[in-house]
file data.cif (mmCIF, C-alpha atoms)
data_protein
#
loop_
_atom_site.group_PDB
_atom_site.id
_atom_site.type_symbol
_atom_site.label_atom_id
_atom_site.label_comp_id
_atom_site.auth_asym_id
_atom_site.auth_seq_id
_atom_site.Cartn_x
_atom_site.Cartn_y
_atom_site.Cartn_z
ATOM 1 C CA MET A 71 111.620 79.428 89.567
ATOM 2 C CA GLU A 72 112.998 82.527 87.905
ATOM 3 C CA LEU A 73 111.520 81.386 84.583
ATOM 4 C CA ALA A 74 108.035 81.081 86.100
ATOM 5 C CA ILE A 75 108.338 84.549 87.654
ATOM 6 C CA CYS A 76 109.478 85.971 84.321
ATOM 7 C CA ILE A 77 106.552 84.413 82.432
ATOM 8 C CA ILE A 78 103.998 85.736 84.920
ATOM 9 C CA THR A 79 105.640 89.170 84.922
ATOM 10 C CA GLY A 80 105.459 89.126 81.112
ATOM 11 C CA PHE A 81 101.716 88.501 81.376
ATOM 12 C CA MET A 82 101.491 91.394 83.822
ATOM 13 C CA ILE A 83 103.312 93.709 81.396
ATOM 14 C CA LEU A 84 101.012 92.677 78.525
ATOM 15 C CA GLY A 85 97.948 93.246 80.707
ATOM 16 C CA ALA A 86 99.266 96.637 81.805
ATOM 17 C CA ILE A 87 99.920 97.747 78.228
ATOM 18 C CA TYR A 88 96.423 96.661 77.179
ATOM 19 C CA ALA A 89 94.880 98.375 80.213
ATOM 20 C CA ILE A 90 96.598 101.627 79.278
ATOM 21 C CA HIS A 91 95.522 101.483 75.617
ATOM 22 C CA ALA A 92 91.987 99.996 75.893
ATOM 23 C CA LYS A 93 89.136 102.059 74.441
ATOM 24 C CA ASP A 94 86.457 100.843 76.833
ATOM 25 C CA LEU A 95 87.194 101.914 80.399
ATOM 26 C CA LEU A 96 85.477 98.826 81.842
ATOM 27 C CA SER A 97 87.791 96.465 79.963
ATOM 28 C CA ALA A 98 90.761 98.581 81.064
ATOM 29 C CA VAL A 99 89.719 98.154 84.704
ATOM 30 C CA ILE A 100 89.194 94.395 84.327
ATOM 31 C CA THR A 101 92.599 94.044 82.645
ATOM 32 C CA CYS A 102 94.128 95.907 85.560
ATOM 33 C CA GLY A 103 92.699 93.039 87.623
ATOM 34 C CA ILE A 104 94.894 90.610 85.641
ATOM 35 C CA VAL A 105 97.962 92.457 86.902
ATOM 36 C CA GLY A 106 96.800 92.323 90.522
ATOM 37 C CA TYR A 107 95.830 88.651 90.525
ATOM 38 C CA SER A 108 99.065 87.653 88.743
ATOM 39 C CA LEU A 109 100.868 89.371 91.597
ATOM 40 C CA VAL A 110 99.082 86.967 93.986
ATOM 41 C CA ILE A 111 100.531 83.991 92.061
ATOM 42 C CA CYS A 112 103.978 85.609 92.162
ATOM 43 C CA PHE A 113 103.712 86.011 95.940
ATOM 44 C CA LEU A 114 102.785 82.344 96.314
ATOM 45 C CA LEU A 115 105.783 81.303 94.174
ATOM 46 C CA LEU A 116 108.060 83.574 96.206
ATOM 47 C CA LYS A 117 106.949 81.882 99.453
ATOM 48 C CA ALA A 118 104.961 84.815 100.858
ATOM 49 C CA PRO A 119 101.515 83.406 101.761
ATOM 50 C CA ASP A 120 100.605 86.325 104.060
ATOM 51 C CA LEU A 121 101.109 88.797 101.231
ATOM 52 C CA ALA A 122 99.060 86.625 98.854
ATOM 53 C CA ILE A 123 96.115 86.564 101.261
ATOM 54 C CA VAL A 124 96.200 90.326 101.811
ATOM 55 C CA GLN A 125 96.737 91.131 98.116
ATOM 56 C CA ILE A 126 93.813 88.992 96.889
ATOM 57 C CA VAL A 127 91.445 90.801 99.296
ATOM 58 C CA VAL A 128 92.812 94.271 98.520
ATOM 59 C CA ASP A 129 92.767 93.663 94.763
ATOM 60 C CA THR A 130 89.147 92.521 94.847
ATOM 61 C CA ILE A 131 88.142 95.640 96.788
ATOM 62 C CA THR A 132 90.069 97.917 94.413
ATOM 63 C CA LEU A 133 88.451 96.235 91.400
ATOM 64 C CA ILE A 134 84.963 96.666 92.868
ATOM 65 C CA ILE A 135 85.549 100.372 93.588
ATOM 66 C CA MET A 136 86.981 100.980 90.099
ATOM 67 C CA VAL A 137 84.094 99.147 88.402
ATOM 68 C CA ALA A 138 81.646 101.219 90.454
ATOM 69 C CA VAL A 139 83.373 104.423 89.295
ATOM 70 C CA VAL A 140 83.418 103.357 85.633
ATOM 71 C CA LEU A 141 79.831 102.056 85.496
ATOM 72 C CA ASP A 142 78.697 105.415 86.822
ATOM 73 C CA SER A 143 80.124 107.150 83.740
ATOM 74 C CA SER A 144 79.896 107.043 79.958
ATOM 75 C CA ARG A 145 82.658 104.369 79.951
ATOM 76 C CA GLU A 146 84.441 105.332 76.756
ATOM 77 C CA GLU A 147 87.677 107.198 76.467
ATOM 78 C CA ARG A 148 87.562 109.843 73.802
ATOM 79 C CA PHE A 149 90.672 109.511 71.653
ATOM 80 C CA SER A 150 91.561 112.575 69.689
ATOM 81 C CA ARG A 151 94.361 112.717 67.155
ATOM 82 C CA LEU A 152 97.775 113.248 68.648
ATOM 83 C CA ASP A 153 98.292 117.008 68.631
ATOM 84 C CA LEU A 154 101.585 118.818 69.166
ATOM 85 C CA SER A 155 101.446 118.853 72.975
ATOM 86 C CA GLY A 156 100.522 115.159 72.947
ATOM 87 C CA ARG A 157 103.568 114.379 70.826
ATOM 88 C CA ILE A 158 105.802 116.431 73.109
ATOM 89 C CA THR A 159 104.432 114.569 76.134
ATOM 90 C CA ALA A 160 105.005 111.158 74.534
ATOM 91 C CA PHE A 161 108.545 112.123 73.536
ATOM 92 C CA THR A 162 109.292 113.460 77.030
ATOM 93 C CA SER A 163 107.982 110.264 78.632
ATOM 94 C CA LEU A 164 110.204 108.129 76.394
ATOM 95 C CA VAL A 165 113.235 110.255 77.316
ATOM 96 C CA VAL A 166 112.416 109.968 81.039
ATOM 97 C CA ILE A 167 111.954 106.196 80.683
ATOM 98 C CA GLY A 168 115.319 105.889 78.912
ATOM 99 C CA ILE A 169 117.108 107.841 81.644
ATOM 100 C CA LEU A 170 115.469 105.759 84.399
ATOM 101 C CA LEU A 171 116.351 102.521 82.582
ATOM 102 C CA TYR A 172 120.010 103.629 82.354
ATOM 103 C CA PHE A 173 120.183 104.286 86.090
ATOM 104 C CA PHE A 174 118.406 101.004 86.880
ATOM 105 C CA VAL A 175 120.962 99.055 84.828
ATOM 106 C CA ILE A 176 123.717 100.720 86.871
ATOM 107 C CA ALA A 177 121.913 100.011 90.160
ATOM 108 C CA ALA A 178 121.096 96.403 89.231
ATOM 109 C CA GLU A 179 124.803 95.525 89.283
ATOM 110 C CA ASN A 180 124.743 95.925 93.058
ATOM 111 C CA LEU A 181 121.736 93.636 93.536
ATOM 112 C CA ASP A 182 122.204 90.007 94.493
ATOM 113 C CA ALA A 183 121.034 87.533 91.877
ATOM 114 C CA LEU A 184 117.511 86.229 92.487
ATOM 115 C CA GLY A 185 117.508 83.721 95.338
ATOM 116 C CA ASN A 186 121.024 84.534 96.573
ATOM 117 C CA SER A 187 120.096 87.288 98.992
ATOM 118 C CA THR A 188 121.388 87.081 102.539
ATOM 119 C CA LEU A 189 119.598 87.798 105.794
ATOM 120 C CA ARG A 190 121.443 90.993 106.619
ATOM 121 C CA MET A 191 118.741 92.790 108.577
ATOM 122 C CA ALA A 192 116.444 89.912 109.398
ATOM 123 C CA ALA A 193 118.910 87.615 111.185
ATOM 124 C CA PRO A 194 118.082 89.042 114.653
ATOM 125 C CA TYR A 195 114.383 88.688 113.841
ATOM 126 C CA ILE A 196 114.683 85.047 112.851
ATOM 127 C CA ASN A 197 116.988 83.913 115.677
ATOM 128 C CA GLY A 198 114.695 83.232 118.596
ATOM 129 C CA ALA A 199 111.789 85.249 117.233
ATOM 130 C CA ALA A 200 109.295 82.590 118.276
ATOM 131 C CA GLU A 201 110.425 82.887 121.913
ATOM 132 C CA LYS A 202 110.583 86.726 121.844
ATOM 133 C CA THR A 203 107.221 87.412 120.227
ATOM 134 C CA GLY A 204 105.270 84.226 120.888
ATOM 135 C CA SER A 205 104.236 84.075 117.242
ATOM 136 C CA ALA A 206 105.158 81.154 114.984
ATOM 137 C CA ASN A 207 104.659 83.363 111.921
ATOM 138 C CA LEU A 208 107.739 85.555 111.565
ATOM 139 C CA VAL A 209 105.978 88.148 109.384
ATOM 140 C CA THR A 210 103.299 88.646 112.032
ATOM 141 C CA GLY A 211 106.046 88.920 114.653
ATOM 142 C CA VAL A 212 107.803 91.673 112.678
ATOM 143 C CA VAL A 213 104.604 93.585 111.830
ATOM 144 C CA PHE A 214 102.946 93.538 115.236
ATOM 145 C CA ASP A 215 105.912 93.331 117.617
ATOM 146 C CA PHE A 216 109.264 94.600 116.318
ATOM 147 C CA ARG A 217 107.661 97.242 114.115
ATOM 148 C CA GLY A 218 104.471 97.831 116.079
ATOM 149 C CA TYR A 219 104.655 101.637 115.801
ATOM 150 C CA ASP A 220 104.880 101.291 112.022
ATOM 151 C CA THR A 221 101.617 99.342 112.057
ATOM 152 C CA MET A 222 100.038 101.982 114.277
ATOM 153 C CA GLY A 223 100.986 104.622 111.710
ATOM 154 C CA GLU A 224 99.431 102.453 109.007
ATOM 155 C CA ALA A 225 96.185 102.322 110.993
ATOM 156 C CA VAL A 226 96.254 106.132 111.310
ATOM 157 C CA VAL A 227 96.703 106.460 107.535
ATOM 158 C CA LEU A 228 93.765 104.100 106.946
ATOM 159 C CA VAL A 229 91.475 106.052 109.271
ATOM 160 C CA THR A 230 92.536 109.338 107.650
ATOM 161 C CA ALA A 231 91.808 107.927 104.183
ATOM 162 C CA VAL A 232 88.355 106.719 105.251
ATOM 163 C CA ILE A 233 87.572 110.149 106.740
ATOM 164 C CA GLY A 234 88.826 111.755 103.517
ATOM 165 C CA VAL A 235 86.653 109.539 101.306
ATOM 166 C CA LEU A 236 83.584 110.261 103.439
ATOM 167 C CA ALA A 237 84.311 114.001 103.371
ATOM 168 C CA VAL A 238 84.796 114.050 99.602
ATOM 169 C CA LEU A 239 81.713 111.969 98.784
ATOM 170 C CA ARG A 240 79.375 113.691 101.249
ATOM 171 C CA ILE A 241 77.252 115.980 99.084
ATOM 172 C CA LYS A 242 74.014 116.338 101.000
ATOM 173 C CA GLY A 243 74.849 119.238 103.306
ATOM 174 C CA LYS A 244 76.754 121.172 100.644
ATOM 175 C CA LYS A 245 74.056 120.920 97.985
ATOM 176 C CA GLU A 246 71.378 122.291 100.280
ATOM 177 C CA GLY A 247 73.724 125.174 101.132
ATOM 178 C CA PHE A 248 74.280 125.954 97.450
ATOM 179 C CA GLY A 249 70.553 125.689 96.757
ATOM 180 C CA LEU A 250 69.789 128.263 99.446
ATOM 181 C CA LEU A 251 72.415 130.601 98.041
ATOM 182 C CA LYS A 252 70.926 130.329 94.544
ATOM 183 C CA GLU A 253 67.419 131.036 95.800
ATOM 184 C CA ASP A 254 68.685 134.006 97.752
ATOM 185 C CA SER A 255 70.436 135.455 94.734
ATOM 186 C CA ALA A 256 67.341 134.834 92.583
ATOM 187 C CA LYS A 257 65.193 136.728 95.051
ATOM 188 C CA ALA A 258 67.694 139.567 95.239
ATOM 189 C CA MET B 23 118.461 88.837 87.207
ATOM 190 C CA THR B 24 115.926 88.923 84.363
ATOM 191 C CA ALA B 25 113.083 89.031 86.865
ATOM 192 C CA TYR B 26 114.373 92.347 88.244
ATOM 193 C CA TYR B 27 114.417 93.855 84.754
ATOM 194 C CA MET B 28 110.906 92.555 83.975
ATOM 195 C CA CYS B 29 109.666 94.030 87.244
ATOM 196 C CA PHE B 30 111.243 97.391 86.416
ATOM 197 C CA GLY B 31 109.691 97.151 82.950
ATOM 198 C CA LEU B 32 106.278 96.879 84.580
ATOM 199 C CA PHE B 33 107.101 100.040 86.573
ATOM 200 C CA LEU B 34 108.063 101.847 83.369
ATOM 201 C CA VAL B 35 104.791 100.823 81.675
ATOM 202 C CA GLY B 36 102.904 102.366 84.591
ATOM 203 C CA LEU B 37 105.039 105.516 84.401
ATOM 204 C CA TYR B 38 104.357 105.816 80.649
ATOM 205 C CA GLY B 39 100.623 105.573 81.366
ATOM 206 C CA VAL B 40 100.751 108.258 84.042
ATOM 207 C CA ILE B 41 102.619 110.675 81.788
ATOM 208 C CA THR B 42 100.761 110.195 78.486
ATOM 209 C CA ARG B 43 97.133 109.333 79.313
ATOM 210 C CA ARG B 44 94.530 112.098 79.593
ATOM 211 C CA ASN B 45 91.819 109.998 81.261
ATOM 212 C CA LEU B 46 91.623 110.135 85.064
ATOM 213 C CA VAL B 47 90.619 106.468 85.419
ATOM 214 C CA LYS B 48 93.547 105.433 83.221
ATOM 215 C CA ILE B 49 95.881 107.501 85.410
ATOM 216 C CA ALA B 50 94.543 105.759 88.536
ATOM 217 C CA ILE B 51 95.084 102.352 86.870
ATOM 218 C CA SER B 52 98.651 103.304 85.914
ATOM 219 C CA LEU B 53 99.422 104.423 89.461
ATOM 220 C CA SER B 54 98.201 101.103 90.857
ATOM 221 C CA ILE B 55 100.351 99.260 88.280
ATOM 222 C CA MET B 56 103.422 101.167 89.509
ATOM 223 C CA GLU B 57 102.480 100.273 93.087
ATOM 224 C CA ILE B 58 102.162 96.584 92.164
ATOM 225 C CA SER B 59 105.588 96.531 90.521
ATOM 226 C CA ALA B 60 107.126 97.996 93.696
ATOM 227 C CA PHE B 61 105.491 95.242 95.799
ATOM 228 C CA LEU B 62 106.801 92.573 93.416
ATOM 229 C CA PHE B 63 110.307 94.059 93.589
ATOM 230 C CA PHE B 64 110.373 93.850 97.399
ATOM 231 C CA ALA B 65 109.140 90.248 97.312
ATOM 232 C CA LEU B 66 111.852 89.377 94.766
ATOM 233 C CA ILE B 67 114.593 90.919 96.924
ATOM 234 C CA GLY B 68 113.564 88.879 99.955
ATOM 235 C CA TYR B 69 113.450 85.533 98.157
ATOM 236 C CA ILE B 70 116.093 82.939 99.027
ATOM 237 C CA SER B 71 116.266 79.876 96.788
ATOM 238 C CA GLY B 72 115.408 76.715 98.688
ATOM 239 C CA GLY B 73 113.792 78.739 101.468
ATOM 240 C CA VAL B 74 110.388 78.045 102.950
ATOM 241 C CA ALA B 75 107.663 80.454 104.030
ATOM 242 C CA PRO B 76 108.667 82.257 107.248
ATOM 243 C CA ILE B 77 106.537 80.215 109.620
ATOM 244 C CA VAL B 78 108.568 78.589 112.391
ATOM 245 C CA ASN B 79 108.278 74.860 112.850
ATOM 246 C CA PRO B 80 109.821 73.910 116.224
ATOM 247 C CA ALA B 81 110.212 70.269 115.204
ATOM 248 C CA ASP B 82 112.583 71.169 112.367
ATOM 249 C CA PRO B 83 114.884 74.051 113.418
ATOM 250 C CA ASP B 84 117.427 73.835 110.569
ATOM 251 C CA LYS B 85 115.186 75.143 107.790
ATOM 252 C CA VAL B 86 116.131 78.133 105.668
ATOM 253 C CA TYR B 87 113.430 80.811 105.740
ATOM 254 C CA VAL B 88 112.897 83.537 103.154
ATOM 255 C CA ASP B 89 113.514 87.066 104.433
ATOM 256 C CA PRO B 90 110.478 88.129 106.533
ATOM 257 C CA LEU B 91 111.450 91.836 106.682
ATOM 258 C CA PRO B 92 110.533 92.881 103.086
ATOM 259 C CA GLN B 93 107.330 90.879 103.419
ATOM 260 C CA ALA B 94 106.381 92.828 106.544
ATOM 261 C CA LEU B 95 107.127 96.136 104.775
ATOM 262 C CA VAL B 96 105.037 95.148 101.725
ATOM 263 C CA LEU B 97 102.186 94.071 103.994
ATOM 264 C CA THR B 98 102.018 97.640 105.317
ATOM 265 C CA ALA B 99 102.406 99.140 101.853
ATOM 266 C CA ILE B 100 99.568 97.088 100.306
ATOM 267 C CA VAL B 101 97.038 98.360 102.835
ATOM 268 C CA ILE B 102 98.215 101.971 102.466
ATOM 269 C CA GLY B 103 97.997 101.549 98.672
ATOM 270 C CA LEU B 104 94.351 100.538 99.024
ATOM 271 C CA ALA B 105 93.660 103.638 101.143
ATOM 272 C CA THR B 106 95.301 106.031 98.671
ATOM 273 C CA THR B 107 93.588 104.403 95.678
ATOM 274 C CA ALA B 108 90.191 104.688 97.368
ATOM 275 C CA LEU B 109 90.785 108.396 98.133
ATOM 276 C CA LEU B 110 91.950 109.027 94.546
ATOM 277 C CA LEU B 111 88.868 107.345 93.085
ATOM 278 C CA ALA B 112 86.588 109.310 95.412
ATOM 279 C CA VAL B 113 88.085 112.556 94.092
ATOM 280 C CA ILE B 114 87.658 111.246 90.521
ATOM 281 C CA ILE B 115 83.947 110.537 91.146
ATOM 282 C CA ARG B 116 83.476 114.108 92.422
ATOM 283 C CA ILE B 117 85.263 115.547 89.376
ATOM 284 C CA TYR B 118 83.078 113.458 87.046
ATOM 285 C CA ARG B 119 79.884 114.605 88.738
ATOM 286 C CA LYS B 120 80.931 118.260 88.450
ATOM 287 C CA TYR B 121 82.400 118.368 84.925
ATOM 288 C CA ASN B 122 80.744 115.249 83.377
ATOM 289 C CA THR B 123 84.041 114.078 81.895
ATOM 290 C CA PHE B 124 87.202 112.162 82.842
ATOM 291 C CA ASP B 125 89.371 114.111 80.402
ATOM 292 C CA ILE B 126 91.855 116.340 82.217
ATOM 293 C CA ARG B 127 92.173 118.756 79.267
ATOM 294 C CA GLU B 128 88.458 119.617 79.316
ATOM 295 C CA ILE B 129 88.555 120.049 83.071
ATOM 296 C CA ARG B 130 91.333 122.585 82.603
ATOM 297 C CA ASN B 131 89.334 124.405 79.912
ATOM 298 C CA LEU B 132 86.331 124.835 82.182
ATOM 299 C CA ARG B 133 88.326 126.646 84.851
ATOM 300 C CA GLY B 134 87.342 130.157 85.857
#
call {"tool": "encode", "arguments": {"input": "data.cif", "output": "structure tokens"}}
result
Amino acid sequence: MELAICIITGFMILGAIYAIHAKDLLSAVITCGIVGYSLVICFLLLKAPDLAIVQIVVDTITLIIMVAVVLDSSREERFSRLDLSGRITAFTSLVVIGILLYFFVIAAENLDALGNSTLRMAAPYINGAAEKTGSANLVTGVVFDFRGYDTMGEAVVLVTAVIGVLAVLRIKGKKEGFGLLKEDSAKA
Amino acid sequence: MTAYYMCFGLFLVGLYGVITRRNLVKIAISLSIMEISAFLFFALIGYISGGVAPIVNPADPDKVYVDPLPQALVLTAIVIGLATTALLLAVIIRIYRKYNTFDIREIRNLRG
């Protein structure tokens, strides 16, 4: 099990590295799709079918939006030679990554080995959850019953994001306003 | 244990992309890679070897289930990740239409 997860995660890392270094933005976006769909397989291996269903839908939507953004543009990333500030940035990022890796190695000692985790928090959820919530699916019971307010907050965030996207992409009213201003200044 | 390190490696790849890339689309991709590694980490923590998916079967009460709590948290986080990515890409489209480039250095040069 752990071997399969490691192999798929290795694919994800390779895809991520290619996505970051690709010259064509469209191929970068498609390669980012490899990472997302590999995550779906990982969820299925880790016995999380609900997450796999949600992730495959969300990843498809994200891919469509990203492809729409990229196709609208010139698609190529202009690579210039690494100047001084670029070198400083790369060096800084490597230092930050080293520091984070050091702290993760310290923190990983306190983690249970894969598959040996215990149901510390979830034991009350599992014991008699079907009678308490009326749902055979424990994840649905947690999301919509025990943590219902959390889900309500999630819905608020979604609505806010949709309003934000509509406000950012709405250009009609603003353009007419600017046009009037320009004409006015031209007349003056 | 190796799976945890691989998962954190994926996070670091995303972090490297966010810090070093100058293209806005690449930065959005890197952010979503970091998000994905966080989801994978939560799913790994909740896994119990020999467990089955957390769907109760009344006929067989002695089964071991994997932890449903991290799965519920990730379910919320995935949807919020979609919302933030959509908002980020909307802002990127607006920037491209105004400055005709994805490069953050040129956007800075055109200020004022």
call {"tool": "residues_around", "arguments": {"input": "data.cif", "residues": "Leu110 of chain B", "least_positions_apart": "4", "cutoff": "8 Å", "atoms": "all atoms listed in the file", "output": "number ranges by chain"}}
result
B: 50, 106, 114
call {"tool": "write_last_selection", "arguments": {"input": "data.cif", "atoms": "C-alpha atoms", "output": "PDB file, keeping the file's coordinate frame"}}
result
ATOM      1  CA  ALA B  50      94.543 105.759  88.536  1.00  0.00           C
ATOM      2  CA  THR B 106      95.301 106.031  98.671  1.00  0.00           C
ATOM      3  CA  ILE B 114      87.658 111.246  90.521  1.00  0.00           C
TER       4      ILE B 114
END
call {"tool": "residues_around", "arguments": {"input": "data.cif", "residues": "Asp182 of chain A", "least_positions_apart": "3", "cutoff": "12 Å", "atoms": "all atoms listed in the file", "output": "NGL selection string"}}
result
(:A and (177-179 or 185-189)) or (:B and (23-26 or 66-71))
call {"tool": "residues_around", "arguments": {"input": "data.cif", "residues": "segment 232-235 of chain A", "least_positions_apart": "3", "cutoff": "6 Å", "atoms": "all atoms listed in the file", "output": "JSON, numbers by chain"}}
result
{"A": [229, 238], "B": [109, 112]}
call {"tool": "residues_around", "arguments": {"input": "data.cif", "residues": "Leu95 of chain A", "least_positions_apart": "2", "cutoff": "7 Å", "atoms": "only C-alpha atoms", "output": "PyMOL selection string"}}
result
chain A and resi 92-93+97-99+140+145-147
call {"tool": "closest_residue", "arguments": {"input": "data.cif", "among": "B:Arg119, B:Leu97, B:Ala60, B:Arg43", "to": "Phe214 of chain A", "atoms": "all atoms listed in the file"}}
result
B:Leu97
call {"tool": "residues_near_point", "arguments": {"input": "data.cif", "point": "(102.0, 93.2, 79.4)", "cutoff": "12 Å", "atoms": "all atoms listed in the file", "output": "VMD selection string"}}
result
(chain A and resid 76 to 91 101 to 102 104 to 105 108) or (chain B and resid 28 to 29 31 to 36 55)
call {"tool": "write_last_selection", "arguments": {"input": "data.cif", "atoms": "C-alpha atoms", "output": "PDB file, keeping the file's coordinate frame"}}
result
ATOM      1  CA  CYS A  76     109.478  85.971  84.321  1.00  0.00           C
ATOM      2  CA  ILE A  77     106.552  84.413  82.432  1.00  0.00           C
ATOM      3  CA  ILE A  78     103.998  85.736  84.920  1.00  0.00           C
ATOM      4  CA  THR A  79     105.640  89.170  84.922  1.00  0.00           C
ATOM      5  CA  GLY A  80     105.459  89.126  81.112  1.00  0.00           C
ATOM      6  CA  PHE A  81     101.716  88.501  81.376  1.00  0.00           C
ATOM      7  CA  MET A  82     101.491  91.394  83.822  1.00  0.00           C
ATOM      8  CA  ILE A  83     103.312  93.709  81.396  1.00  0.00           C
ATOM      9  CA  LEU A  84     101.012  92.677  78.525  1.00  0.00           C
ATOM     10  CA  GLY A  85      97.948  93.246  80.707  1.00  0.00           C
ATOM     11  CA  ALA A  86      99.266  96.637  81.805  1.00  0.00           C
ATOM     12  CA  ILE A  87      99.920  97.747  78.228  1.00  0.00           C
ATOM     13  CA  TYR A  88      96.423  96.661  77.179  1.00  0.00           C
ATOM     14  CA  ALA A  89      94.880  98.375  80.213  1.00  0.00           C
ATOM     15  CA  ILE A  90      96.598 101.627  79.278  1.00  0.00           C
ATOM     16  CA  HIS A  91      95.522 101.483  75.617  1.00  0.00           C
ATOM     17  CA  THR A 101      92.599  94.044  82.645  1.00  0.00           C
ATOM     18  CA  CYS A 102      94.128  95.907  85.560  1.00  0.00           C
ATOM     19  CA  ILE A 104      94.894  90.610  85.641  1.00  0.00           C
ATOM     20  CA  VAL A 105      97.962  92.457  86.902  1.00  0.00           C
ATOM     21  CA  SER A 108      99.065  87.653  88.743  1.00  0.00           C
TER      22      SER A 108
ATOM     23  CA  MET B  28     110.906  92.555  83.975  1.00  0.00           C
ATOM     24  CA  CYS B  29     109.666  94.030  87.244  1.00  0.00           C
ATOM     25  CA  GLY B  31     109.691  97.151  82.950  1.00  0.00           C
ATOM     26  CA  LEU B  32     106.278  96.879  84.580  1.00  0.00           C
ATOM     27  CA  PHE B  33     107.101 100.040  86.573  1.00  0.00           C
ATOM     28  CA  LEU B  34     108.063 101.847  83.369  1.00  0.00           C
ATOM     29  CA  VAL B  35     104.791 100.823  81.675  1.00  0.00           C
ATOM     30  CA  GLY B  36     102.904 102.366  84.591  1.00  0.00           C
ATOM     31  CA  ILE B  55     100.351  99.260  88.280  1.00  0.00           C
TER      32      ILE B  55
END
call {"tool": "resolve_selection", "arguments": {"input": "data.cif", "expression": "the PyMOL selection byres ((chain B and resi 82-91) around 12)", "output": "compact mmCIF listing (two decimals) with C-alpha atoms, in the coordinates of the input"}}
result
# COMPACT_ATOMS: atom_id res chain seq x y z
CA PHE A 113 103.71 86.01 95.94
CA LEU A 115 105.78 81.30 94.17
CA LEU A 116 108.06 83.57 96.21
CA LYS A 117 106.95 81.88 99.45
CA ALA A 118 104.96 84.82 100.86
CA PRO A 119 101.52 83.41 101.76
CA ASP A 120 100.60 86.32 104.06
CA LEU A 121 101.11 88.80 101.23
CA LEU A 184 117.51 86.23 92.49
CA GLY A 185 117.51 83.72 95.34
CA ASN A 186 121.02 84.53 96.57
CA SER A 187 120.10 87.29 98.99
CA THR A 188 121.39 87.08 102.54
CA LEU A 189 119.60 87.80 105.79
CA ARG A 190 121.44 90.99 106.62
CA MET A 191 118.74 92.79 108.58
CA ALA A 192 116.44 89.91 109.40
CA ALA A 193 118.91 87.62 111.18
CA PRO A 194 118.08 89.04 114.65
CA TYR A 195 114.38 88.69 113.84
CA ILE A 196 114.68 85.05 112.85
CA ASN A 197 116.99 83.91 115.68
CA GLY A 198 114.70 83.23 118.60
CA ALA A 199 111.79 85.25 117.23
CA ALA A 200 109.30 82.59 118.28
CA ASN A 207 104.66 83.36 111.92
CA LEU A 208 107.74 85.56 111.56
CA VAL A 209 105.98 88.15 109.38
CA THR A 210 103.30 88.65 112.03
CA GLY A 211 106.05 88.92 114.65
CA VAL A 212 107.80 91.67 112.68
CA VAL A 213 104.60 93.58 111.83
CA PHE A 216 109.26 94.60 116.32
CA ARG A 217 107.66 97.24 114.12
CA PHE B 64 110.37 93.85 97.40
CA ALA B 65 109.14 90.25 97.31
CA LEU B 66 111.85 89.38 94.77
CA ILE B 67 114.59 90.92 96.92
CA GLY B 68 113.56 88.88 99.96
CA TYR B 69 113.45 85.53 98.16
CA ILE B 70 116.09 82.94 99.03
CA SER B 71 116.27 79.88 96.79
CA GLY B 72 115.41 76.72 98.69
CA GLY B 73 113.79 78.74 101.47
CA VAL B 74 110.39 78.04 102.95
CA ALA B 75 107.66 80.45 104.03
CA PRO B 76 108.67 82.26 107.25
CA ILE B 77 106.54 80.22 109.62
CA VAL B 78 108.57 78.59 112.39
CA ASN B 79 108.28 74.86 112.85
CA PRO B 80 109.82 73.91 116.22
CA ALA B 81 110.21 70.27 115.20
CA PRO B 92 110.53 92.88 103.09
CA GLN B 93 107.33 90.88 103.42
CA ALA B 94 106.38 92.83 106.54
CA LEU B 95 107.13 96.14 104.78
CA VAL B 96 105.04 95.15 101.72
CA LEU B 97 102.19 94.07 103.99
CA THR B 98 102.02 97.64 105.32
call {"tool": "residues_near_point", "arguments": {"input": "data.cif", "point": "(95.2, 97.7, 97.8)", "cutoff": "12 Å", "atoms": "all atoms listed in the file", "output": "CSV table (one decimal) with C-alpha atoms, in the frame of the given file"}}
result
chain,number,residue,atom,x,y,z
A,103,GLY,CA,92.7,93.0,87.6
A,106,GLY,CA,96.8,92.3,90.5
A,107,TYR,CA,95.8,88.7,90.5
A,109,LEU,CA,100.9,89.4,91.6
A,121,LEU,CA,101.1,88.8,101.2
A,122,ALA,CA,99.1,86.6,98.9
A,123,ILE,CA,96.1,86.6,101.3
A,124,VAL,CA,96.2,90.3,101.8
A,125,GLN,CA,96.7,91.1,98.1
A,126,ILE,CA,93.8,89.0,96.9
A,127,VAL,CA,91.4,90.8,99.3
A,128,VAL,CA,92.8,94.3,98.5
A,129,ASP,CA,92.8,93.7,94.8
A,130,THR,CA,89.1,92.5,94.8
A,131,ILE,CA,88.1,95.6,96.8
A,132,THR,CA,90.1,97.9,94.4
A,133,LEU,CA,88.5,96.2,91.4
A,134,ILE,CA,85.0,96.7,92.9
A,135,ILE,CA,85.5,100.4,93.6
A,136,MET,CA,87.0,101.0,90.1
A,228,LEU,CA,93.8,104.1,106.9
B,51,ILE,CA,95.1,102.4,86.9
B,53,LEU,CA,99.4,104.4,89.5
B,54,SER,CA,98.2,101.1,90.9
B,55,ILE,CA,100.4,99.3,88.3
B,57,GLU,CA,102.5,100.3,93.1
B,58,ILE,CA,102.2,96.6,92.2
B,61,PHE,CA,105.5,95.2,95.8
B,96,VAL,CA,105.0,95.1,101.7
B,97,LEU,CA,102.2,94.1,104.0
B,98,THR,CA,102.0,97.6,105.3
B,99,ALA,CA,102.4,99.1,101.9
B,100,ILE,CA,99.6,97.1,100.3
B,101,VAL,CA,97.0,98.4,102.8
B,102,ILE,CA,98.2,102.0,102.5
B,103,GLY,CA,98.0,101.5,98.7
B,104,LEU,CA,94.4,100.5,99.0
B,105,ALA,CA,93.7,103.6,101.1
B,106,THR,CA,95.3,106.0,98.7
B,107,THR,CA,93.6,104.4,95.7
B,108,ALA,CA,90.2,104.7,97.4
B,109,LEU,CA,90.8,108.4,98.1
